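> Starting off with a structure, shown below.
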Amino acid sequence: MRFVLAIISFVLAAVMIGAGIAQRTIFAEPDEAVLSTSVATDSAVTIVDGTALNAYEGNQTLSISGADTIFAAYGRTTDIVAWVGDTTHNEIGLDPESMELTDTLVRGAESEVPDPTGSDLWLNEYSSEDEIALRVSVPSDFSFVVVSDGVEPAAGTVSVAWPLDNATPFSGPLIVGGAVALLLGLAFLLWAITHMRKLRGPRRKQLKMPKVPRKPRYKLPRTSIAKPAVGRRAVGRGMIAAPVMLVGALVLSGCTSGPFSAGVATTKPTPSASATTGGAEAAVADPPAITVSQAERIIEDVSNVAAAADAAKDPALLATRFAGAALEIRTANYAITTADPTLAALPAIPAGPVKLTLPQQTDTWPRTVFAVIQDDTDETVPSIALFLEQDGARDPYKVKYAVTLEPSQKIPDVAQADVGAARLLPDSPVLRLTPTEIALAYADILDKDVESESYLDFEAEGDSLRTAVGAGYKASERAALPTTASVTFGSGIGPAEAISLATNDAGALIAVNLNETTTVAPVEEGAAVNTSGQVKALSGLAVSSKGVVATYGDQLLFYVPATGSGGKIVLLGYTVGLVKAGEIG
């Protein structure tokens with residue numbers, strides 16, 4: 001019996017170890033799925049669509065070759081298509097029936113594209129020589145754009161690979177179990193040999209005794225009585241037959257299908273939902289213009305450009321990232337500080353961190369983004385709010401308003417960055433006042449203070465601009481002039497367009513441009529007006545017999561509540577600077 005158990009253990013060990021090893025070798029499935037195609041045309045741009053990148057589930061490994069220099073970047077598919085525009089290009093897609101990559105030539109009126117490096121549309125970009133391989137995780141509504149130098153063919157071969165789960169969870173247990181069965185078989189074998197030797201122990205040869213005469217036998221009548229065979233041989237055969245049948249059953253069971261069978265079936269790669277259903281779920285009608293990571297990268301570049309332009313006092317460099325009221329005031333400051341280096345420059349634009357990002361909900365252009373940045377390394381630097389706009393798909397975001405925030409005011413609750421906010425029309429009826437009405441009403445308060453009809457519409461507490469350039473300041477300026485000169489103050493809407501983004505309470509963040517003028521003129525024959533400070537530096541006049549007019553550009557950021565809410569309009573921040581100065585014409 002012990003030998004039988006040993007044989008059974010050895011057979012079982014061989015089956016289990018063989019099945020475990022087979023799962024990792026001859027029956028092992030591939031560890032990745034690969035789709036590849038060759039680009040048949042010489043177009044300067046290739047788009048790898050998000051449906052092709054998501055043919056299977058899991059991270060994608062995108063490999064591109066066939067050009068001396070390869071540039072690849074990914075972003076929203078709508079943004080990629082808008083950037084390519086009317087340029088002839090190849091589209092790498094997916095045939096959902098055959099699960100193979102397709103190559104389609106889309107003809108356009110143009111054959112070249114500009115340098116795509118550094119575009120604000122990209123979430124990330126890569127470049128390499130000869131060949132590029134990227135491991136990414138791109139959703140189905142995002143795509144890759146591939147360019148060489150904008151003129152030469154973009155790519156020759158495009159392949160996408162996905163990792164497959166070819167794990168064999170039963171292989172290890174089978175091998176370990178087989179090893180245990182092997183050890184058990186060895187134990188049974190040693191036990192059987194030891195037991196057999198004990199049974200066959202030393203035997204002595206006994207002496208023969210003298211034979212005793214036999215007694216006469218009396219024969220009895222024969223009776224037919226059947227006796228069962230109960231000898232050792234019969235019992236042994238029965239005991240051996242059953243284990244042998246058991247061994248056969250175990251051997252045959254190794255050929256049946258099941259989780260512990262030798263031919264373990266590994267799961268085949270399954271297409272993702274986007275590949276089998278013809279695409280991803282319908283995209284949101286109005287997605288946010290950019291992501292937080294894009295905003296951080298854009299603002300970092302804005303900060304670097306501003307720092308370089310400030311150091312060189314270069315308006316042309318500044319214009320690559322600034323426009324509107326923000327460009328006007330900073331360009332004028334360059335002229336002022338160049339003429340008189342002792343005068344103060346405008347505050348630097350910190351690179352971050354970005355404390356708040358509020359993109360516009362849109363998939364068209366122009367696009368708007370509101371952001372608040374704070375330099376955590378220097379508490380003396382106030383928070384700055386930026387309104388940035390992108391005019392077209394190939395244009396960079398430019399700062400239209402750069403406003404220093406009031407330390408005592410708080411930005412109202414706004415939507416999350418991955419949701420975005422709607423941009424309101426200039427004459428939107430949902431607000432208490434339109435942007436144009438807000439600018440003129442606030443200018444009236446700066447001129448008349450409590451006498452203004454709009455005084456009660458605006459929050460006075462925490463408004464430091466009223467103290468700086470309000471009615472009290474204007475009265476002191478009049479009093480300081482000699483009797484030979486007079487000063488008049490005026491105001492009007494500035495050239496920069498107002499920008500409005502909705503808040504969570506149906507109000508809005510509104511940036512407006514207000515121009516304030518200060519005109520000083522002599523009132524007596526032969527009298528003259530002396531200039532100083534920024535007016536003298538910008539105008540180049542020390543004395544004028546005609547008089548001098550100075551124009552100050554105000555960038556104002558307001559929170560405006562919804563119509564009927566009962567709340568007041570709050571000045572959240574401002575930036576004021578001299579933008580023009582000259583003799584009265």
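We label chains A, B, ... in the order they appear in the structure tokens, count residues from 1 in each chain, and number ligands from 1 in the order shown.
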Give me the residues near segment 356-364 of chain A as a ChimeraX atom specification, where near means some atom within 9 Å (using only C-alpha atoms) and where sequence neighbours in that chain fewer than 5 positions away do not count.

/A:78-79,82,285-292,295-296,369-373,392-393,414-423,501

> Residues of the last selection are to be written out with N, CA, C and O atoms, as a short mmCIF file (atom, residue, chain, number, x, y, z; two decimals), in the first residue's frame.


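And here is the file that came out, out11.cif:
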data_model
loop_
_atom_site.label_atom_id
_atom_site.label_comp_id
_atom_site.auth_asym_id
_atom_site.auth_seq_id
_atom_site.Cartn_x
_atom_site.Cartn_y
_atom_site.Cartn_z
N THR A 78 -10.40 68.31 -30.74
CA THR A 78 -10.92 69.52 -31.39
C THR A 78 -9.84 70.59 -31.50
O THR A 78 -9.77 71.31 -32.51
N ASP A 79 -8.98 70.69 -30.50
CA ASP A 79 -7.90 71.67 -30.55
C ASP A 79 -6.84 71.28 -31.59
O ASP A 79 -6.31 72.13 -32.31
N ALA A 82 -8.22 72.03 -34.96
CA ALA A 82 -8.24 73.48 -35.19
C ALA A 82 -6.85 74.01 -35.49
O ALA A 82 -6.67 74.89 -36.34
N ALA A 285 -20.51 69.59 -24.45
CA ALA A 285 -20.69 70.59 -25.50
C ALA A 285 -19.72 71.76 -25.35
O ALA A 285 -19.15 72.23 -26.32
N ASP A 286 -19.52 72.21 -24.10
CA ASP A 286 -18.64 73.35 -23.85
C ASP A 286 -17.61 72.96 -22.80
O ASP A 286 -17.82 73.20 -21.61
N PRO A 287 -16.52 72.35 -23.20
CA PRO A 287 -15.48 71.96 -22.23
C PRO A 287 -14.71 73.19 -21.78
O PRO A 287 -14.73 74.24 -22.43
N PRO A 288 -13.99 73.11 -20.66
CA PRO A 288 -13.14 74.23 -20.25
C PRO A 288 -12.04 74.47 -21.27
O PRO A 288 -11.53 73.53 -21.89
N ALA A 289 -11.66 75.72 -21.43
CA ALA A 289 -10.70 76.09 -22.47
C ALA A 289 -9.35 75.41 -22.27
O ALA A 289 -8.72 74.95 -23.23
N ILE A 290 -8.89 75.33 -21.03
CA ILE A 290 -7.60 74.70 -20.74
C ILE A 290 -7.70 73.96 -19.41
O ILE A 290 -8.68 74.10 -18.67
N THR A 291 -6.68 73.18 -19.13
CA THR A 291 -6.58 72.46 -17.86
C THR A 291 -5.70 73.26 -16.90
O THR A 291 -5.05 74.24 -17.29
N VAL A 292 -5.67 72.82 -15.65
CA VAL A 292 -4.84 73.49 -14.66
C VAL A 292 -3.36 73.40 -15.03
O VAL A 292 -2.61 74.37 -14.90
N ALA A 295 -2.62 75.90 -17.66
CA ALA A 295 -2.60 77.25 -17.09
C ALA A 295 -1.30 77.51 -16.35
O ALA A 295 -0.70 78.60 -16.47
N GLU A 296 -0.84 76.53 -15.59
CA GLU A 296 0.41 76.71 -14.85
C GLU A 296 1.59 76.89 -15.80
O GLU A 296 2.47 77.73 -15.56
N VAL A 369 -9.28 82.96 -19.92
CA VAL A 369 -8.92 82.27 -18.69
C VAL A 369 -8.65 83.32 -17.61
O VAL A 369 -7.97 84.32 -17.87
N PHE A 370 -9.22 83.08 -16.43
CA PHE A 370 -8.95 83.93 -15.27
C PHE A 370 -8.09 83.13 -14.30
O PHE A 370 -8.35 81.95 -14.04
N ALA A 371 -7.05 83.76 -13.75
CA ALA A 371 -6.15 83.05 -12.84
C ALA A 371 -5.67 84.01 -11.76
O ALA A 371 -5.52 85.22 -12.00
N VAL A 372 -5.44 83.45 -10.58
CA VAL A 372 -4.87 84.22 -9.47
C VAL A 372 -3.57 83.55 -9.07
O VAL A 372 -3.53 82.34 -8.84
N ILE A 373 -2.51 84.35 -8.99
CA ILE A 373 -1.20 83.81 -8.62
C ILE A 373 -0.66 84.55 -7.41
O ILE A 373 -0.92 85.75 -7.21
N GLY A 392 -6.74 82.74 -31.45
CA GLY A 392 -6.91 81.65 -32.41
C GLY A 392 -6.13 80.43 -31.97
O GLY A 392 -5.33 80.48 -31.03
N ALA A 393 -6.34 79.32 -32.69
CA ALA A 393 -5.74 78.06 -32.29
C ALA A 393 -4.21 78.12 -32.34
O ALA A 393 -3.55 77.46 -31.53
N VAL A 414 -16.29 80.27 -7.38
CA VAL A 414 -16.40 80.06 -8.83
C VAL A 414 -16.35 78.57 -9.11
O VAL A 414 -16.07 77.75 -8.22
N ALA A 415 -16.62 78.19 -10.35
CA ALA A 415 -16.63 76.78 -10.74
C ALA A 415 -15.23 76.19 -10.68
O ALA A 415 -14.23 76.90 -10.73
N GLN A 416 -15.17 74.87 -10.60
CA GLN A 416 -13.90 74.18 -10.62
C GLN A 416 -13.26 74.30 -12.00
O GLN A 416 -13.94 74.50 -13.01
N ALA A 417 -11.94 74.13 -12.02
CA ALA A 417 -11.22 74.31 -13.28
C ALA A 417 -11.61 73.30 -14.34
O ALA A 417 -11.56 73.60 -15.54
N ASP A 418 -12.00 72.08 -13.93
CA ASP A 418 -12.39 71.08 -14.91
C ASP A 418 -13.82 71.25 -15.39
O ASP A 418 -14.30 70.46 -16.21
N VAL A 419 -14.51 72.27 -14.88
CA VAL A 419 -15.86 72.60 -15.34
C VAL A 419 -15.86 73.89 -16.15
O VAL A 419 -16.39 73.95 -17.25
N GLY A 420 -15.22 74.92 -15.60
CA GLY A 420 -15.16 76.20 -16.30
C GLY A 420 -16.40 77.05 -16.10
O GLY A 420 -17.38 76.63 -15.47
N ALA A 421 -16.34 78.26 -16.62
CA ALA A 421 -17.43 79.22 -16.47
C ALA A 421 -17.78 79.84 -17.81
O ALA A 421 -16.94 79.90 -18.72
N ALA A 422 -19.00 80.29 -17.92
CA ALA A 422 -19.45 80.93 -19.15
C ALA A 422 -18.97 82.38 -19.20
O ALA A 422 -18.92 83.07 -18.18
N ARG A 423 -18.60 82.83 -20.38
CA ARG A 423 -18.27 84.24 -20.57
C ARG A 423 -19.55 84.97 -20.95
O ARG A 423 -20.28 84.54 -21.87
N LEU A 501 -16.69 86.78 -16.61
CA LEU A 501 -16.86 85.34 -16.41
C LEU A 501 -17.81 85.13 -15.24
O LEU A 501 -17.69 85.79 -14.19
#

> So that I can see what lies close to segment 188-199 of chain A, please list as a list of chain:residue names the residues with an atom at most 6 Å from it, counting only C-alpha atoms and leaving out residues fewer than 3 positions away in the same chain.

A:Arg2, A:Phe3, A:Ala6, A:Gly185

> Take the residues that were just selected and, keeping all heavy atoms, output them as a PDB file, in the first residue's frame.


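Ended up saving to selection.pdb:
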ATOM      1  N   ARG A   2       1.976   1.209   0.737  1.00  0.00           N
ATOM      2  CA  ARG A   2       2.845   2.376   0.812  1.00  0.00           C
ATOM      3  C   ARG A   2       3.491   2.670  -0.542  1.00  0.00           C
ATOM      4  O   ARG A   2       3.679   3.835  -0.928  1.00  0.00           O
ATOM      5  CB  ARG A   2       3.910   2.158   1.886  1.00  0.00           C
ATOM      6  CG  ARG A   2       3.302   2.065   3.293  1.00  0.00           C
ATOM      7  CD  ARG A   2       4.335   1.604   4.307  1.00  0.00           C
ATOM      8  NE  ARG A   2       3.768   1.488   5.635  1.00  0.00           N
ATOM      9  CZ  ARG A   2       3.058   0.448   6.068  1.00  0.00           C
ATOM     10  NH1 ARG A   2       2.826  -0.560   5.238  1.00  0.00           N
ATOM     11  NH2 ARG A   2       2.568   0.421   7.298  1.00  0.00           N
ATOM     12  N   PHE A   3       3.851   1.617  -1.273  1.00  0.00           N
ATOM     13  CA  PHE A   3       4.388   1.812  -2.622  1.00  0.00           C
ATOM     14  C   PHE A   3       3.347   2.447  -3.540  1.00  0.00           C
ATOM     15  O   PHE A   3       3.660   3.283  -4.383  1.00  0.00           O
ATOM     16  CB  PHE A   3       4.858   0.472  -3.200  1.00  0.00           C
ATOM     17  CG  PHE A   3       6.170   0.008  -2.636  1.00  0.00           C
ATOM     18  CD1 PHE A   3       6.215  -1.072  -1.768  1.00  0.00           C
ATOM     19  CD2 PHE A   3       7.342   0.654  -2.969  1.00  0.00           C
ATOM     20  CE1 PHE A   3       7.420  -1.496  -1.243  1.00  0.00           C
ATOM     21  CE2 PHE A   3       8.558   0.225  -2.452  1.00  0.00           C
ATOM     22  CZ  PHE A   3       8.599  -0.858  -1.569  1.00  0.00           C
ATOM     23  N   ALA A   6       3.122   6.102  -2.856  1.00  0.00           N
ATOM     24  CA  ALA A   6       4.285   6.789  -3.409  1.00  0.00           C
ATOM     25  C   ALA A   6       4.125   7.009  -4.906  1.00  0.00           C
ATOM     26  O   ALA A   6       4.433   8.082  -5.434  1.00  0.00           O
ATOM     27  CB  ALA A   6       5.543   5.974  -3.112  1.00  0.00           C
ATOM     28  N   GLY A 185       5.693  11.828  -1.937  1.00  0.00           N
ATOM     29  CA  GLY A 185       5.962  10.551  -2.590  1.00  0.00           C
ATOM     30  C   GLY A 185       7.272   9.938  -2.123  1.00  0.00           C
ATOM     31  O   GLY A 185       7.365   8.724  -1.894  1.00  0.00           O
TER      32      GLY A 185
END

> Find the residues near Val34 of chain A: any atom within 10 Å, counting only C-alpha atoms, skip ones fewer than 4 places away on the same chain, and give them as a ChimeraX atom specification.

/A:56,60-62,100,159-163

> Could you dump the residues just selected with N, CA and C atoms as a PDB file, in the first residue's frame?


ATOM      1  N   TYR A  56      -7.468  49.344 -27.303  1.00  0.00           N
ATOM      2  CA  TYR A  56      -7.470  48.422 -26.172  1.00  0.00           C
ATOM      3  C   TYR A  56      -7.315  49.226 -24.893  1.00  0.00           C
ATOM      4  N   GLN A  60      -0.890  53.488 -23.306  1.00  0.00           N
ATOM      5  CA  GLN A  60      -0.479  53.306 -24.692  1.00  0.00           C
ATOM      6  C   GLN A  60       1.016  53.591 -24.836  1.00  0.00           C
ATOM      7  N   THR A  61       1.666  52.811 -25.662  1.00  0.00           N
ATOM      8  CA  THR A  61       3.042  53.086 -26.062  1.00  0.00           C
ATOM      9  C   THR A  61       3.025  53.433 -27.539  1.00  0.00           C
ATOM     10  N   LEU A  62       3.218  54.709 -27.843  1.00  0.00           N
ATOM     11  CA  LEU A  62       3.170  55.209 -29.215  1.00  0.00           C
ATOM     12  C   LEU A  62       4.582  55.305 -29.760  1.00  0.00           C
ATOM     13  N   GLU A 100      -7.900  47.173 -36.855  1.00  0.00           N
ATOM     14  CA  GLU A 100      -6.619  47.542 -37.431  1.00  0.00           C
ATOM     15  C   GLU A 100      -6.569  49.058 -37.607  1.00  0.00           C
ATOM     16  N   SER A 159       3.015  53.026 -34.762  1.00  0.00           N
ATOM     17  CA  SER A 159       2.519  51.820 -34.092  1.00  0.00           C
ATOM     18  C   SER A 159       2.111  52.172 -32.669  1.00  0.00           C
ATOM     19  N   VAL A 160       1.102  51.448 -32.190  1.00  0.00           N
ATOM     20  CA  VAL A 160       0.604  51.640 -30.833  1.00  0.00           C
ATOM     21  C   VAL A 160       0.561  50.280 -30.152  1.00  0.00           C
ATOM     22  N   ALA A 161       1.074  50.221 -28.936  1.00  0.00           N
ATOM     23  CA  ALA A 161       1.099  48.968 -28.174  1.00  0.00           C
ATOM     24  C   ALA A 161       0.419  49.181 -26.829  1.00  0.00           C
ATOM     25  N   TRP A 162      -0.241  48.118 -26.366  1.00  0.00           N
ATOM     26  CA  TRP A 162      -0.921  48.138 -25.077  1.00  0.00           C
ATOM     27  C   TRP A 162      -0.464  46.924 -24.267  1.00  0.00           C
ATOM     28  N   PRO A 163      -0.215  47.056 -22.990  1.00  0.00           N
ATOM     29  CA  PRO A 163       0.162  45.894 -22.176  1.00  0.00           C
ATOM     30  C   PRO A 163      -1.036  44.974 -21.958  1.00  0.00           C
TER      31      PRO A 163
END

> Considering only C-alpha atoms, give me a table of residues in segment 104-139 of chain A that are at most 12 Å from segment 48-54 of chain A, with the closest atom pair and distance in Å for each, as a Markdown table.


| residue | atom | partner | partner_atom | distance |
| --- | --- | --- | --- | --- |
| A:Thr104 | CA | A:Val48 | CA | 10.6 |
| A:Leu134 | CA | A:Leu53 | CA | 11.8 |
| A:Arg135 | CA | A:Leu53 | CA | 11.1 |
| A:Val136 | CA | A:Leu53 | CA | 9.6 |
| A:Ser137 | CA | A:Leu53 | CA | 8.8 |
| A:Val138 | CA | A:Leu53 | CA | 7.2 |
| A:Pro139 | CA | A:Gly50 | CA | 6.6 |

> Taking N, CA and C atoms for each residue, export the selection above as a PDB file, in the first residue's frame.


ATOM      1  N   THR A 104      -5.733  57.700 -43.431  1.00  0.00           N
ATOM      2  CA  THR A 104      -6.576  58.469 -44.351  1.00  0.00           C
ATOM      3  C   THR A 104      -5.918  59.807 -44.649  1.00  0.00           C
ATOM      4  N   LEU A 134       6.773  56.808 -26.889  1.00  0.00           N
ATOM      5  CA  LEU A 134       6.151  57.467 -25.745  1.00  0.00           C
ATOM      6  C   LEU A 134       5.207  56.504 -25.036  1.00  0.00           C
ATOM      7  N   ARG A 135       5.270  56.492 -23.727  1.00  0.00           N
ATOM      8  CA  ARG A 135       4.308  55.726 -22.938  1.00  0.00           C
ATOM      9  C   ARG A 135       3.384  56.724 -22.257  1.00  0.00           C
ATOM     10  N   VAL A 136       2.136  56.748 -22.671  1.00  0.00           N
ATOM     11  CA  VAL A 136       1.183  57.750 -22.210  1.00  0.00           C
ATOM     12  C   VAL A 136      -0.139  57.076 -21.847  1.00  0.00           C
ATOM     13  N   SER A 137      -1.020  57.880 -21.284  1.00  0.00           N
ATOM     14  CA  SER A 137      -2.385  57.441 -21.019  1.00  0.00           C
ATOM     15  C   SER A 137      -3.315  58.549 -21.487  1.00  0.00           C
ATOM     16  N   VAL A 138      -3.752  58.458 -22.723  1.00  0.00           N
ATOM     17  CA  VAL A 138      -4.515  59.515 -23.378  1.00  0.00           C
ATOM     18  C   VAL A 138      -5.965  59.082 -23.525  1.00  0.00           C
ATOM     19  N   PRO A 139      -6.934  59.872 -23.039  1.00  0.00           N
ATOM     20  CA  PRO A 139      -8.337  59.507 -23.229  1.00  0.00           C
ATOM     21  C   PRO A 139      -8.760  59.589 -24.686  1.00  0.00           C
TER      22      PRO A 139
END

> What does the distance from atom CA of Ser383 of chain A to atom CA of Asn515 of chain A come to in Å, to one decimal?

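Taking atom CA of Ser383 of chain A as the start and atom CA of Asn515 of chain A as the end point, the length is 23.3 Å.
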
> Considering only C-alpha atoms, can you say which of A:Lys580, A:Ser454, A:Tyr126, A:Lys400 comes closest to Asn333 of chain A?

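That would be A:Lys580, the residue with the smallest distance to Asn333 of chain A.
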
> Point out the residue among A:Ala496, A:Met1, A:Leu446, A:Ala13 with the least atom-to-atom distance to Lys474 of chain A, counting only C-alpha atoms.

A:Leu446

> Using DSSP on the backbone coordinates, identify the residues of segment 463-529 of chain A assigned to strand (DSSP E); present them as a PDB file with C-alpha atoms, in the first residue's frame.


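Okay, this is what ended up in out15.pdb:
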ATOM      1  CA  ALA A 485      -2.800 127.325 -13.234  1.00  0.00           C
ATOM      2  CA  SER A 486      -5.913 125.205 -13.136  1.00  0.00           C
ATOM      3  CA  VAL A 487      -6.513 121.458 -13.110  1.00  0.00           C
ATOM      4  CA  THR A 488      -9.445 119.524 -14.495  1.00  0.00           C
ATOM      5  CA  PHE A 489     -10.190 115.823 -14.217  1.00  0.00           C
ATOM      6  CA  GLY A 490     -12.015 113.674 -16.708  1.00  0.00           C
ATOM      7  CA  SER A 491     -12.720 109.996 -17.344  1.00  0.00           C
ATOM      8  CA  GLY A 492     -13.898 107.685 -20.087  1.00  0.00           C
ATOM      9  CA  ILE A 493     -13.989 104.088 -21.219  1.00  0.00           C
ATOM     10  CA  ILE A 499     -14.187  90.667 -19.892  1.00  0.00           C
ATOM     11  CA  SER A 500     -16.858  88.903 -17.805  1.00  0.00           C
ATOM     12  CA  LEU A 501     -16.857  85.345 -16.409  1.00  0.00           C
ATOM     13  CA  ALA A 502     -19.774  83.959 -14.412  1.00  0.00           C
ATOM     14  CA  ALA A 508     -19.700  87.706 -12.517  1.00  0.00           C
ATOM     15  CA  LEU A 509     -16.051  88.664 -12.333  1.00  0.00           C
ATOM     16  CA  ILE A 510     -15.660  91.684 -14.619  1.00  0.00           C
ATOM     17  CA  ALA A 511     -12.479  93.437 -15.711  1.00  0.00           C
ATOM     18  CA  VAL A 512     -12.894  96.901 -17.243  1.00  0.00           C
ATOM     19  CA  ASN A 513     -10.534  99.535 -18.589  1.00  0.00           C
ATOM     20  CA  LEU A 514     -11.109 103.104 -17.416  1.00  0.00           C
ATOM     21  CA  ASN A 515      -9.044 106.064 -18.622  1.00  0.00           C
ATOM     22  CA  GLU A 516      -8.686 109.038 -16.299  1.00  0.00           C
ATOM     23  CA  THR A 517      -7.253 112.312 -17.540  1.00  0.00           C
ATOM     24  CA  THR A 518      -5.611 115.120 -15.590  1.00  0.00           C
ATOM     25  CA  THR A 519      -5.228 118.421 -17.463  1.00  0.00           C
ATOM     26  CA  VAL A 520      -3.120 121.208 -15.997  1.00  0.00           C
ATOM     27  CA  ALA A 521      -3.147 124.515 -17.909  1.00  0.00           C
ATOM     28  CA  PRO A 522      -1.979 128.101 -17.188  1.00  0.00           C
ATOM     29  CA  VAL A 529       3.177 124.765 -16.242  1.00  0.00           C
TER      30      VAL A 529
END

> So that I can check the surroundings of Ser539 of chain A, please list as an MDAnalysis selection string every protein, DNA and RNA residue that reaches within 10 Å of it, counting only C-alpha atoms and ignoring chain neighbours fewer than 6 positions away.

chainID A and resid 335:336 339 531:532 548:550 580:583
